[in-house]
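Structure file my_file.txt; described as compact mmCIF, N, CA and C atoms and all ligand atoms.
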```txt
# COMPACT_ATOMS: atom_id res chain seq x y z
N MET N 17 -47.94 114.36 6.11
CA MET N 17 -47.85 115.78 6.53
C MET N 17 -46.51 116.05 7.21
N PRO N 18 -45.86 117.13 6.86
CA PRO N 18 -44.63 117.48 7.58
C PRO N 18 -44.91 117.77 9.05
N ILE N 19 -43.92 117.53 9.86
CA ILE N 19 -44.09 117.71 11.31
C ILE N 19 -43.60 119.06 11.78
N ASP N 20 -44.04 119.42 12.96
CA ASP N 20 -43.54 120.60 13.68
C ASP N 20 -42.32 120.13 14.49
N ALA N 21 -41.16 120.70 14.20
CA ALA N 21 -39.92 120.24 14.83
C ALA N 21 -39.88 120.51 16.33
N THR N 22 -40.79 121.35 16.82
CA THR N 22 -40.78 121.67 18.25
C THR N 22 -41.75 120.81 19.06
N GLN N 23 -42.40 119.87 18.41
CA GLN N 23 -43.38 119.03 19.13
C GLN N 23 -42.66 118.09 20.11
N PRO N 24 -43.37 117.66 21.18
CA PRO N 24 -42.78 116.66 22.07
C PRO N 24 -42.59 115.33 21.35
N TYR N 25 -41.69 114.49 21.86
CA TYR N 25 -41.44 113.19 21.24
C TYR N 25 -42.68 112.30 21.37
N ASP N 26 -43.07 111.69 20.26
CA ASP N 26 -44.22 110.78 20.23
C ASP N 26 -43.69 109.36 20.10
N ASP N 27 -43.82 108.56 21.17
CA ASP N 27 -43.21 107.22 21.13
C ASP N 27 -44.01 106.23 20.29
N GLN N 28 -45.08 106.72 19.62
CA GLN N 28 -45.80 105.86 18.68
C GLN N 28 -45.36 106.11 17.24
N ASN N 29 -44.32 106.94 17.03
CA ASN N 29 -43.88 107.17 15.65
C ASN N 29 -43.27 105.89 15.08
N ILE N 30 -43.23 105.82 13.75
CA ILE N 30 -42.89 104.55 13.08
C ILE N 30 -41.45 104.12 13.37
N PHE N 31 -40.55 105.08 13.55
CA PHE N 31 -39.16 104.67 13.81
C PHE N 31 -38.99 104.21 15.26
N ALA N 32 -39.79 104.76 16.18
CA ALA N 32 -39.79 104.23 17.56
C ALA N 32 -40.27 102.78 17.54
N LYS N 33 -41.27 102.50 16.71
CA LYS N 33 -41.77 101.12 16.61
C LYS N 33 -40.72 100.20 15.99
N ILE N 34 -39.97 100.71 15.01
CA ILE N 34 -38.88 99.92 14.43
C ILE N 34 -37.82 99.64 15.50
N LEU N 35 -37.46 100.65 16.28
CA LEU N 35 -36.44 100.45 17.33
C LEU N 35 -36.90 99.40 18.35
N ARG N 36 -38.20 99.36 18.64
CA ARG N 36 -38.72 98.38 19.61
C ARG N 36 -38.96 97.01 18.97
N GLY N 37 -38.72 96.90 17.65
CA GLY N 37 -38.91 95.62 16.98
C GLY N 37 -40.36 95.31 16.67
N GLU N 38 -41.22 96.32 16.72
CA GLU N 38 -42.65 96.10 16.48
C GLU N 38 -42.98 96.12 14.97
N ILE N 39 -42.08 96.73 14.19
CA ILE N 39 -42.24 96.82 12.74
C ILE N 39 -40.93 96.34 12.12
N PRO N 40 -41.01 95.50 11.06
CA PRO N 40 -39.76 95.00 10.47
C PRO N 40 -38.99 96.09 9.73
N ASN N 41 -37.70 95.86 9.58
CA ASN N 41 -36.88 96.77 8.78
C ASN N 41 -35.76 95.95 8.17
N ARG N 42 -35.14 96.53 7.13
CA ARG N 42 -33.99 95.87 6.49
C ARG N 42 -32.73 96.52 7.06
N THR N 43 -32.24 95.92 8.15
CA THR N 43 -31.13 96.51 8.89
C THR N 43 -29.82 96.40 8.11
N VAL N 44 -29.09 97.51 8.10
CA VAL N 44 -27.76 97.58 7.50
C VAL N 44 -26.69 97.52 8.59
N TYR N 45 -27.00 98.14 9.73
CA TYR N 45 -26.01 98.24 10.81
C TYR N 45 -26.74 98.59 12.10
N GLU N 46 -26.22 98.09 13.21
CA GLU N 46 -26.77 98.45 14.52
C GLU N 46 -25.65 98.42 15.55
N ASP N 47 -25.65 99.41 16.44
CA ASP N 47 -24.75 99.38 17.59
C ASP N 47 -25.48 100.01 18.77
N GLU N 48 -24.74 100.33 19.81
CA GLU N 48 -25.33 100.87 21.03
C GLU N 48 -26.06 102.20 20.79
N TRP N 49 -25.63 102.94 19.78
CA TRP N 49 -26.10 104.32 19.60
C TRP N 49 -27.05 104.51 18.44
N ALA N 50 -27.01 103.62 17.47
CA ALA N 50 -27.71 103.89 16.21
C ALA N 50 -28.19 102.61 15.54
N LEU N 51 -29.23 102.80 14.72
CA LEU N 51 -29.72 101.73 13.83
C LEU N 51 -29.76 102.31 12.43
N ALA N 52 -29.26 101.54 11.46
CA ALA N 52 -29.32 101.95 10.06
C ALA N 52 -30.11 100.91 9.28
N PHE N 53 -31.01 101.38 8.42
CA PHE N 53 -31.85 100.45 7.66
C PHE N 53 -32.21 101.08 6.32
N HIS N 54 -32.57 100.22 5.36
CA HIS N 54 -32.93 100.71 4.03
C HIS N 54 -34.23 101.49 4.08
N ASP N 55 -34.24 102.63 3.38
CA ASP N 55 -35.48 103.39 3.23
C ASP N 55 -36.50 102.57 2.44
N ILE N 56 -37.74 102.60 2.89
CA ILE N 56 -38.79 101.79 2.26
C ILE N 56 -39.15 102.32 0.87
N ASN N 57 -38.82 103.56 0.59
CA ASN N 57 -39.16 104.19 -0.70
C ASN N 57 -37.92 104.90 -1.23
N PRO N 58 -36.92 104.11 -1.71
CA PRO N 58 -35.61 104.69 -2.02
C PRO N 58 -35.65 105.75 -3.11
N GLN N 59 -34.91 106.83 -2.88
CA GLN N 59 -34.84 107.96 -3.81
C GLN N 59 -33.52 107.98 -4.58
N ALA N 60 -32.69 106.95 -4.39
CA ALA N 60 -31.41 106.81 -5.08
C ALA N 60 -31.08 105.32 -5.05
N PRO N 61 -30.12 104.86 -5.90
CA PRO N 61 -29.78 103.43 -5.88
C PRO N 61 -29.39 102.94 -4.48
N GLU N 62 -28.71 103.79 -3.71
CA GLU N 62 -28.43 103.49 -2.31
C GLU N 62 -29.14 104.56 -1.47
N HIS N 63 -30.01 104.12 -0.58
CA HIS N 63 -30.74 105.07 0.28
C HIS N 63 -30.99 104.39 1.62
N VAL N 64 -30.20 104.80 2.59
CA VAL N 64 -30.25 104.21 3.93
C VAL N 64 -30.56 105.32 4.93
N LEU N 65 -31.33 104.97 5.95
CA LEU N 65 -31.63 105.90 7.05
C LEU N 65 -30.83 105.46 8.27
N VAL N 66 -30.26 106.44 8.97
CA VAL N 66 -29.58 106.15 10.23
C VAL N 66 -30.30 106.93 11.32
N ILE N 67 -30.70 106.23 12.38
CA ILE N 67 -31.44 106.88 13.47
C ILE N 67 -30.72 106.63 14.79
N PRO N 68 -30.78 107.62 15.69
CA PRO N 68 -30.21 107.37 17.02
C PRO N 68 -31.13 106.47 17.82
N LYS N 69 -30.57 105.75 18.78
CA LYS N 69 -31.39 104.89 19.64
C LYS N 69 -32.23 105.74 20.62
N GLY N 70 -31.74 106.93 20.95
CA GLY N 70 -32.45 107.78 21.89
C GLY N 70 -33.66 108.44 21.26
N ALA N 71 -34.56 108.95 22.13
CA ALA N 71 -35.83 109.52 21.70
C ALA N 71 -35.66 111.01 21.39
N TYR N 72 -35.32 111.32 20.14
CA TYR N 72 -35.13 112.70 19.71
C TYR N 72 -35.98 112.97 18.48
N VAL N 73 -36.70 114.08 18.49
CA VAL N 73 -37.64 114.39 17.42
C VAL N 73 -36.92 114.69 16.11
N CYS N 74 -35.81 115.44 16.21
CA CYS N 74 -35.18 115.97 15.00
C CYS N 74 -33.76 116.41 15.33
N TRP N 75 -33.09 116.95 14.32
CA TRP N 75 -31.70 117.39 14.50
C TRP N 75 -31.60 118.45 15.59
N ASP N 76 -32.55 119.36 15.62
CA ASP N 76 -32.50 120.43 16.63
C ASP N 76 -32.57 119.83 18.03
N ASP N 77 -33.51 118.94 18.25
CA ASP N 77 -33.70 118.30 19.55
C ASP N 77 -32.42 117.53 19.95
N PHE N 78 -31.89 116.77 18.99
CA PHE N 78 -30.71 115.94 19.27
C PHE N 78 -29.49 116.81 19.58
N SER N 79 -29.26 117.81 18.76
CA SER N 79 -28.05 118.64 18.93
C SER N 79 -28.12 119.44 20.22
N ALA N 80 -29.34 119.75 20.69
CA ALA N 80 -29.49 120.51 21.93
C ALA N 80 -29.43 119.63 23.17
N LYS N 81 -29.96 118.41 23.10
CA LYS N 81 -30.20 117.62 24.32
C LYS N 81 -29.39 116.34 24.44
N ALA N 82 -28.89 115.80 23.35
CA ALA N 82 -28.19 114.51 23.44
C ALA N 82 -26.85 114.66 24.17
N SER N 83 -26.42 113.59 24.80
CA SER N 83 -25.12 113.60 25.49
C SER N 83 -23.99 113.57 24.46
N GLU N 84 -22.79 113.91 24.96
CA GLU N 84 -21.61 113.85 24.07
C GLU N 84 -21.45 112.44 23.52
N ALA N 85 -21.67 111.45 24.35
CA ALA N 85 -21.50 110.05 23.91
C ALA N 85 -22.53 109.69 22.84
N GLU N 86 -23.78 110.14 23.02
CA GLU N 86 -24.81 109.85 22.01
C GLU N 86 -24.46 110.53 20.68
N ILE N 87 -24.01 111.78 20.76
CA ILE N 87 -23.67 112.51 19.53
C ILE N 87 -22.49 111.85 18.83
N ALA N 88 -21.46 111.54 19.60
CA ALA N 88 -20.28 110.90 19.00
C ALA N 88 -20.65 109.54 18.41
N GLY N 89 -21.42 108.77 19.16
CA GLY N 89 -21.80 107.44 18.69
C GLY N 89 -22.62 107.50 17.42
N PHE N 90 -23.54 108.47 17.36
CA PHE N 90 -24.41 108.59 16.18
C PHE N 90 -23.61 109.05 14.96
N VAL N 91 -22.79 110.08 15.14
CA VAL N 91 -22.01 110.59 14.01
C VAL N 91 -21.05 109.51 13.49
N ARG N 92 -20.44 108.79 14.41
CA ARG N 92 -19.53 107.71 13.97
C ARG N 92 -20.30 106.62 13.24
N ALA N 93 -21.51 106.33 13.69
CA ALA N 93 -22.32 105.29 13.02
C ALA N 93 -22.66 105.71 11.59
N VAL N 94 -23.04 106.98 11.41
CA VAL N 94 -23.37 107.45 10.05
C VAL N 94 -22.14 107.28 9.14
N GLY N 95 -20.99 107.70 9.61
CA GLY N 95 -19.76 107.57 8.81
C GLY N 95 -19.43 106.12 8.53
N HIS N 96 -19.57 105.28 9.55
CA HIS N 96 -19.26 103.85 9.39
C HIS N 96 -20.16 103.21 8.33
N VAL N 97 -21.44 103.53 8.39
CA VAL N 97 -22.38 102.93 7.43
C VAL N 97 -22.02 103.34 6.00
N ALA N 98 -21.80 104.62 5.78
CA ALA N 98 -21.46 105.08 4.43
C ALA N 98 -20.16 104.42 3.95
N ARG N 99 -19.21 104.31 4.86
CA ARG N 99 -17.91 103.70 4.51
C ARG N 99 -18.09 102.24 4.14
N THR N 100 -18.84 101.50 4.96
CA THR N 100 -19.00 100.06 4.69
C THR N 100 -19.90 99.81 3.48
N MET N 101 -20.70 100.81 3.10
CA MET N 101 -21.48 100.70 1.85
C MET N 101 -20.62 101.00 0.63
N GLY N 102 -19.36 101.40 0.84
CA GLY N 102 -18.45 101.67 -0.27
C GLY N 102 -18.72 103.01 -0.94
N LEU N 103 -19.28 103.95 -0.20
CA LEU N 103 -19.71 105.21 -0.81
C LEU N 103 -18.72 106.35 -0.69
N VAL N 104 -17.61 106.15 0.02
CA VAL N 104 -16.71 107.28 0.24
C VAL N 104 -16.03 107.70 -1.07
N GLU N 105 -15.52 106.71 -1.80
CA GLU N 105 -14.77 107.06 -3.03
C GLU N 105 -15.70 107.66 -4.10
N PRO N 106 -16.86 107.04 -4.39
CA PRO N 106 -17.74 107.68 -5.38
C PRO N 106 -18.44 108.92 -4.85
N GLY N 107 -18.64 108.97 -3.53
CA GLY N 107 -19.30 110.13 -2.91
C GLY N 107 -20.74 109.81 -2.50
N TYR N 108 -21.21 110.58 -1.53
CA TYR N 108 -22.57 110.38 -1.06
C TYR N 108 -23.10 111.68 -0.48
N ARG N 109 -24.39 111.69 -0.21
CA ARG N 109 -25.04 112.88 0.35
C ARG N 109 -25.75 112.50 1.64
N LEU N 110 -25.61 113.38 2.65
CA LEU N 110 -26.36 113.25 3.90
C LEU N 110 -27.45 114.30 3.93
N LEU N 111 -28.60 113.90 4.51
CA LEU N 111 -29.72 114.84 4.61
C LEU N 111 -30.47 114.57 5.92
N ALA N 112 -30.70 115.61 6.68
CA ALA N 112 -31.53 115.48 7.89
C ALA N 112 -32.60 116.54 7.82
N ASN N 113 -33.75 116.19 7.27
CA ASN N 113 -34.86 117.13 7.19
C ASN N 113 -35.31 117.47 8.60
N THR N 114 -35.52 118.76 8.84
CA THR N 114 -35.88 119.23 10.18
C THR N 114 -37.10 120.14 10.07
N GLY N 115 -38.25 119.60 10.49
CA GLY N 115 -39.45 120.43 10.59
C GLY N 115 -40.18 120.65 9.28
N PHE N 116 -41.09 121.59 9.34
CA PHE N 116 -42.12 121.78 8.31
C PHE N 116 -41.55 122.12 6.94
N ASP N 117 -40.74 123.18 6.86
CA ASP N 117 -40.26 123.63 5.55
C ASP N 117 -39.37 122.59 4.87
N ALA N 118 -38.71 121.76 5.67
CA ALA N 118 -37.85 120.71 5.12
C ALA N 118 -38.63 119.44 4.80
N HIS N 119 -39.93 119.44 5.14
CA HIS N 119 -40.82 118.31 4.88
C HIS N 119 -40.41 117.06 5.66
N GLN N 120 -39.97 117.24 6.91
CA GLN N 120 -39.73 116.08 7.77
C GLN N 120 -41.06 115.40 8.04
N GLU N 121 -41.12 114.10 7.80
CA GLU N 121 -42.39 113.38 7.96
C GLU N 121 -42.41 112.49 9.19
N VAL N 122 -41.26 111.94 9.57
CA VAL N 122 -41.22 111.03 10.72
C VAL N 122 -40.56 111.76 11.89
N PRO N 123 -41.27 111.87 13.03
CA PRO N 123 -40.75 112.68 14.14
C PRO N 123 -39.79 111.94 15.08
N HIS N 124 -38.82 111.26 14.45
CA HIS N 124 -37.66 110.70 15.17
C HIS N 124 -36.47 111.01 14.28
N LEU N 125 -35.44 111.65 14.83
CA LEU N 125 -34.30 112.07 14.01
C LEU N 125 -33.82 110.94 13.09
N HIS N 126 -33.64 111.29 11.83
CA HIS N 126 -33.04 110.34 10.89
C HIS N 126 -32.18 111.11 9.92
N VAL N 127 -31.01 110.51 9.62
CA VAL N 127 -30.14 111.04 8.58
C VAL N 127 -30.26 110.11 7.38
N HIS N 128 -30.59 110.70 6.24
CA HIS N 128 -30.63 109.94 4.99
C HIS N 128 -29.20 109.86 4.44
N ILE N 129 -28.80 108.68 3.98
CA ILE N 129 -27.58 108.53 3.19
C ILE N 129 -28.02 108.16 1.77
N PHE N 130 -27.66 109.03 0.82
CA PHE N 130 -27.98 108.77 -0.59
C PHE N 130 -26.68 108.52 -1.36
N GLY N 131 -26.70 107.61 -2.29
CA GLY N 131 -25.53 107.38 -3.13
C GLY N 131 -25.84 106.40 -4.23
N GLY N 132 -24.77 105.98 -4.92
CA GLY N 132 -24.92 104.97 -5.96
C GLY N 132 -25.06 105.52 -7.35
N LYS N 133 -25.08 106.85 -7.47
CA LYS N 133 -25.10 107.51 -8.80
C LYS N 133 -24.74 108.98 -8.57
N PRO N 134 -24.34 109.69 -9.63
CA PRO N 134 -24.16 111.13 -9.46
C PRO N 134 -25.49 111.76 -9.05
N LEU N 135 -25.47 112.52 -7.97
CA LEU N 135 -26.72 112.99 -7.36
C LEU N 135 -27.17 114.36 -7.85
N GLY N 136 -26.33 115.02 -8.64
CA GLY N 136 -26.77 116.28 -9.22
C GLY N 136 -26.74 117.41 -8.21
N PRO N 137 -27.36 118.54 -8.60
CA PRO N 137 -27.34 119.71 -7.72
C PRO N 137 -28.08 119.43 -6.41
N MET N 138 -27.78 120.25 -5.42
CA MET N 138 -28.24 119.98 -4.06
C MET N 138 -29.77 120.02 -3.93
N LEU N 139 -30.39 121.06 -4.49
CA LEU N 139 -31.83 121.21 -4.34
C LEU N 139 -32.47 121.48 -5.70
N VAL N 140 -33.71 121.02 -5.85
CA VAL N 140 -34.49 121.41 -7.03
C VAL N 140 -35.08 122.78 -6.73
N ARG N 141 -34.85 123.72 -7.64
CA ARG N 141 -35.34 125.09 -7.37
C ARG N 141 -36.77 125.25 -7.83
P1 LIG N 201 -38.37 112.53 6.02
O1 LIG N 201 -39.22 113.18 4.96
O2 LIG N 201 -36.97 113.08 6.07
O3 LIG N 201 -39.05 112.50 7.36
O4 LIG N 201 -38.17 111.02 5.54
C1 LIG N 201 -38.86 109.94 6.06
C2 LIG N 201 -38.39 108.72 5.30
O5 LIG N 201 -38.80 107.56 6.01
C3 LIG N 201 -38.95 108.60 3.88
O6 LIG N 201 -37.86 108.55 2.96
C4 LIG N 201 -39.74 107.28 3.92
O7 LIG N 201 -39.66 106.57 2.72
C5 LIG N 201 -39.07 106.55 5.06
N1 LIG N 201 -39.88 105.54 5.74
C6 LIG N 201 -41.13 105.69 6.24
N2 LIG N 201 -41.52 104.55 6.82
C7 LIG N 201 -40.51 103.67 6.70
C8 LIG N 201 -40.31 102.32 7.10
N3 LIG N 201 -41.26 101.63 7.75
N4 LIG N 201 -39.13 101.72 6.82
C9 LIG N 201 -38.16 102.41 6.15
N5 LIG N 201 -38.29 103.69 5.75
C10 LIG N 201 -39.45 104.31 6.01
```
Rewrite the coordinates I just gave you, this time as structure tokens.
Amino acid sequence: MPIDATQPYDDQNIFAKILRGEIPNRTVYEDEWALAFHDINPQAPEHVLVIPKGAYVCWDDFSAKASEAEIAGFVRAVGHVARTMGLVEPGYRLLANTGFDAHQEVPHLHVHIFGGKPLGPMLVR
């Protein structure tokens, strides 16, 4: 079920459990600000999720409440991951589903990185 983007942070969500090491993940990159890992159900040849270490429900929550250092650290981590995956030259897509209409399912901010093939038009109409 898609989530309500205005809900309070639930520390039992699956990505909070991944951050605490309670659930395994296939880590691509980790630093002080972010963790990147392979999506369990990839929608492209390359499909990685990048999440902030802080407890933020979604993009709206993060952009409103995160510190400058958290925002800078997270944005730099997303760029670093895509770069080290070799996706800059062929190109890649970022996606941060936010709330119900976007079908956000996990209530911890995550940016999807998709790549590895021509991705086609932005949305299916
Ligand atoms: P969204 O619809 O933007 O909330 O996307 C949630 C994403 O999390 C989906 O692409 C899922 O396949 C992915 N996902 C859910 N559980 C896990 C997990 N344990 N490890 C990696 N990816 C997951």
What are the closest atom pairs, with distances in Å to one decimal, for all residues of chain N lying within 6 Å of ligand LIG 201 (chain N)? Consider all atoms listed in the file, order rows by chain and residue number, and present the result as CSV.
```
residue,atom,partner,partner_atom,distance
N:Asn41,CA,N:LIG201,N4,5.8
N:His54,C,N:LIG201,C9,4.5
N:Asp55,CA,N:LIG201,N5,3.8
N:Ile56,N,N:LIG201,N5,3.1
N:Asn57,N,N:LIG201,O7,3.8
N:Pro58,N,N:LIG201,O7,5.8
N:Ala112,C,N:LIG201,O2,5.8
N:Asn113,N,N:LIG201,O2,4.6
N:His119,C,N:LIG201,O1,4.1
N:Gln120,C,N:LIG201,O3,3.6
N:Glu121,N,N:LIG201,O3,2.7
N:Val122,N,N:LIG201,O3,3.2
```
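Put simply, atom C of N:Thr43 is 11.5 Å away from atom C of N:Thr100.
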Practice item. Excluding stretch 70-80 of chain N and any residue of its chain fewer than 3 positions from it, enumerate the residues within 5 Å of it, using only N, CA and C atoms, and give them as a PyMOL selection string. Key: chain N and resi 123-125
Can you tell me which residues surround stretch 45-49 of chain N at a distance of at most 6.5 Å, considering all atoms listed in the file, apart from same-chain residues fewer than 4 positions away, and format the answer as a PDB file with N, CA and C atoms, in the coordinates of the input?
```
ATOM      1  N   PHE N  53     -31.010 101.380   8.420  1.00  0.00           N
ATOM      2  CA  PHE N  53     -31.850 100.450   7.660  1.00  0.00           C
ATOM      3  C   PHE N  53     -32.210 101.080   6.320  1.00  0.00           C
ATOM      4  N   ILE N  67     -30.700 106.230  12.380  1.00  0.00           N
ATOM      5  CA  ILE N  67     -31.440 106.880  13.470  1.00  0.00           C
ATOM      6  C   ILE N  67     -30.720 106.630  14.790  1.00  0.00           C
ATOM      7  N   PRO N  68     -30.780 107.620  15.690  1.00  0.00           N
ATOM      8  CA  PRO N  68     -30.210 107.370  17.020  1.00  0.00           C
ATOM      9  C   PRO N  68     -31.130 106.470  17.820  1.00  0.00           C
ATOM     10  N   LYS N  69     -30.570 105.750  18.780  1.00  0.00           N
ATOM     11  CA  LYS N  69     -31.390 104.890  19.640  1.00  0.00           C
ATOM     12  C   LYS N  69     -32.230 105.740  20.620  1.00  0.00           C
ATOM     13  N   GLY N  70     -31.740 106.930  20.950  1.00  0.00           N
ATOM     14  CA  GLY N  70     -32.450 107.780  21.890  1.00  0.00           C
ATOM     15  C   GLY N  70     -33.660 108.440  21.260  1.00  0.00           C
ATOM     16  N   GLU N  86     -23.780 110.140  23.020  1.00  0.00           N
ATOM     17  CA  GLU N  86     -24.810 109.850  22.010  1.00  0.00           C
ATOM     18  C   GLU N  86     -24.460 110.530  20.680  1.00  0.00           C
ATOM     19  N   GLY N  89     -21.420 108.770  19.160  1.00  0.00           N
ATOM     20  CA  GLY N  89     -21.800 107.440  18.690  1.00  0.00           C
ATOM     21  C   GLY N  89     -22.620 107.500  17.420  1.00  0.00           C
ATOM     22  N   PHE N  90     -23.540 108.470  17.360  1.00  0.00           N
ATOM     23  CA  PHE N  90     -24.410 108.590  16.180  1.00  0.00           C
ATOM     24  C   PHE N  90     -23.610 109.050  14.960  1.00  0.00           C
TER      25      PHE N  90
END
```
Can you tell me, as an mmCIF file with N, CA and C atoms, in the frame of the given file, which residues in chain N count as strand (DSSP E or B) by DSSP?
```
data_model
loop_
_atom_site.group_PDB
_atom_site.id
_atom_site.type_symbol
_atom_site.label_atom_id
_atom_site.label_comp_id
_atom_site.auth_asym_id
_atom_site.auth_seq_id
_atom_site.Cartn_x
_atom_site.Cartn_y
_atom_site.Cartn_z
ATOM 1 N N THR N 43 -32.240 95.920 8.150
ATOM 2 C CA THR N 43 -31.130 96.510 8.890
ATOM 3 C C THR N 43 -29.820 96.400 8.110
ATOM 4 N N VAL N 44 -29.090 97.510 8.100
ATOM 5 C CA VAL N 44 -27.760 97.580 7.500
ATOM 6 C C VAL N 44 -26.690 97.520 8.590
ATOM 7 N N TYR N 45 -27.000 98.140 9.730
ATOM 8 C CA TYR N 45 -26.010 98.240 10.810
ATOM 9 C C TYR N 45 -26.740 98.590 12.100
ATOM 10 N N GLU N 46 -26.220 98.090 13.210
ATOM 11 C CA GLU N 46 -26.770 98.450 14.520
ATOM 12 C C GLU N 46 -25.650 98.420 15.550
ATOM 13 N N ALA N 50 -27.010 103.620 17.470
ATOM 14 C CA ALA N 50 -27.710 103.890 16.210
ATOM 15 C C ALA N 50 -28.190 102.610 15.540
ATOM 16 N N LEU N 51 -29.230 102.800 14.720
ATOM 17 C CA LEU N 51 -29.720 101.730 13.830
ATOM 18 C C LEU N 51 -29.760 102.310 12.430
ATOM 19 N N ALA N 52 -29.260 101.540 11.460
ATOM 20 C CA ALA N 52 -29.320 101.950 10.060
ATOM 21 C C ALA N 52 -30.110 100.910 9.280
ATOM 22 N N PHE N 53 -31.010 101.380 8.420
ATOM 23 C CA PHE N 53 -31.850 100.450 7.660
ATOM 24 C C PHE N 53 -32.210 101.080 6.320
ATOM 25 N N HIS N 54 -32.570 100.220 5.360
ATOM 26 C CA HIS N 54 -32.930 100.710 4.030
ATOM 27 C C HIS N 54 -34.230 101.490 4.080
ATOM 28 N N GLU N 62 -28.710 103.790 -3.710
ATOM 29 C CA GLU N 62 -28.430 103.490 -2.310
ATOM 30 C C GLU N 62 -29.140 104.560 -1.470
ATOM 31 N N HIS N 63 -30.010 104.120 -0.580
ATOM 32 C CA HIS N 63 -30.740 105.070 0.280
ATOM 33 C C HIS N 63 -30.990 104.390 1.620
ATOM 34 N N VAL N 64 -30.200 104.800 2.590
ATOM 35 C CA VAL N 64 -30.250 104.210 3.930
ATOM 36 C C VAL N 64 -30.560 105.320 4.930
ATOM 37 N N LEU N 65 -31.330 104.970 5.950
ATOM 38 C CA LEU N 65 -31.630 105.900 7.050
ATOM 39 C C LEU N 65 -30.830 105.460 8.270
ATOM 40 N N VAL N 66 -30.260 106.440 8.970
ATOM 41 C CA VAL N 66 -29.580 106.150 10.230
ATOM 42 C C VAL N 66 -30.300 106.930 11.320
ATOM 43 N N ILE N 67 -30.700 106.230 12.380
ATOM 44 C CA ILE N 67 -31.440 106.880 13.470
ATOM 45 C C ILE N 67 -30.720 106.630 14.790
ATOM 46 N N PRO N 68 -30.780 107.620 15.690
ATOM 47 C CA PRO N 68 -30.210 107.370 17.020
ATOM 48 C C PRO N 68 -31.130 106.470 17.820
ATOM 49 N N TYR N 108 -21.210 110.580 -1.530
ATOM 50 C CA TYR N 108 -22.570 110.380 -1.060
ATOM 51 C C TYR N 108 -23.100 111.680 -0.480
ATOM 52 N N ARG N 109 -24.390 111.690 -0.210
ATOM 53 C CA ARG N 109 -25.040 112.880 0.350
ATOM 54 C C ARG N 109 -25.750 112.500 1.640
ATOM 55 N N LEU N 110 -25.610 113.380 2.650
ATOM 56 C CA LEU N 110 -26.360 113.250 3.900
ATOM 57 C C LEU N 110 -27.450 114.300 3.930
ATOM 58 N N LEU N 111 -28.600 113.900 4.510
ATOM 59 C CA LEU N 111 -29.720 114.840 4.610
ATOM 60 C C LEU N 111 -30.470 114.570 5.920
ATOM 61 N N VAL N 127 -31.010 110.510 9.620
ATOM 62 C CA VAL N 127 -30.140 111.040 8.580
ATOM 63 C C VAL N 127 -30.260 110.110 7.380
ATOM 64 N N HIS N 128 -30.590 110.700 6.240
ATOM 65 C CA HIS N 128 -30.630 109.940 4.990
ATOM 66 C C HIS N 128 -29.200 109.860 4.440
ATOM 67 N N ILE N 129 -28.800 108.680 3.980
ATOM 68 C CA ILE N 129 -27.580 108.530 3.190
ATOM 69 C C ILE N 129 -28.020 108.160 1.770
ATOM 70 N N PHE N 130 -27.660 109.030 0.820
ATOM 71 C CA PHE N 130 -27.980 108.770 -0.590
ATOM 72 C C PHE N 130 -26.680 108.520 -1.360
ATOM 73 N N GLY N 131 -26.700 107.610 -2.290
ATOM 74 C CA GLY N 131 -25.530 107.380 -3.130
ATOM 75 C C GLY N 131 -25.840 106.400 -4.230
#
```
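For the pair atom C of N:Ala32 and atom N of N:Ala52, the interatomic distance is 12.6 Å.
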Practice item. Identify, on the basis of only N, CA and C atoms, every residue whose closest approach to N:Leu110 does not exceed 6.5 Å; exclude the query and any residue fewer than 4 positions from it along the same chain; express the result as a list in words. Key: Val127, His128, Ile129 and Phe130 of chain N
Practice item. Determine, counting only C-alpha atoms, which protein, DNA and RNA residues have an atom within 12 Å of an atom of N:Gly132; residues of the same chain fewer than 4 positions away are not included. Present the result as an NGL selection string. Key: :N and (58-64 or 98 or 101-109 or 136)
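The coordinates place atom CA of N:Ile34 at 19.9 Å from atom CA of N:Met17.
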Expected axis-aligned box over every listed atom of stretch 40-48 of chain N, 3 Å added per side, centre plus edges in Å to one decimal, as lines of an AutoDock Vina configuration file:
```
center_x = -32.9
center_y = 98.6
center_z = 13.8
size_x = 22.3
size_y = 13.2
size_z = 20.5
```
Incomplete stretch 105-110 of chain N brought to N, CA, C and O atoms, written out as a short mmCIF file (atom, residue, chain, number, x, y, z; two decimals), keeping the file's coordinate frame:
```
data_model
loop_
_atom_site.label_atom_id
_atom_site.label_comp_id
_atom_site.auth_asym_id
_atom_site.auth_seq_id
_atom_site.Cartn_x
_atom_site.Cartn_y
_atom_site.Cartn_z
N GLU N 105 -15.52 106.71 -1.80
CA GLU N 105 -14.77 107.06 -3.03
C GLU N 105 -15.70 107.66 -4.10
O GLU N 105 -15.41 108.73 -4.64
N PRO N 106 -16.86 107.04 -4.39
CA PRO N 106 -17.74 107.68 -5.38
C PRO N 106 -18.44 108.92 -4.85
O PRO N 106 -18.82 109.80 -5.60
N GLY N 107 -18.64 108.97 -3.53
CA GLY N 107 -19.30 110.13 -2.91
C GLY N 107 -20.74 109.81 -2.50
O GLY N 107 -21.38 108.91 -3.04
N TYR N 108 -21.21 110.58 -1.53
CA TYR N 108 -22.57 110.38 -1.06
C TYR N 108 -23.10 111.68 -0.48
O TYR N 108 -22.37 112.64 -0.29
N ARG N 109 -24.39 111.69 -0.21
CA ARG N 109 -25.04 112.88 0.35
C ARG N 109 -25.75 112.50 1.64
O ARG N 109 -26.39 111.45 1.72
N LEU N 110 -25.61 113.38 2.65
CA LEU N 110 -26.36 113.25 3.90
C LEU N 110 -27.45 114.30 3.93
O LEU N 110 -27.24 115.43 3.51
#
```
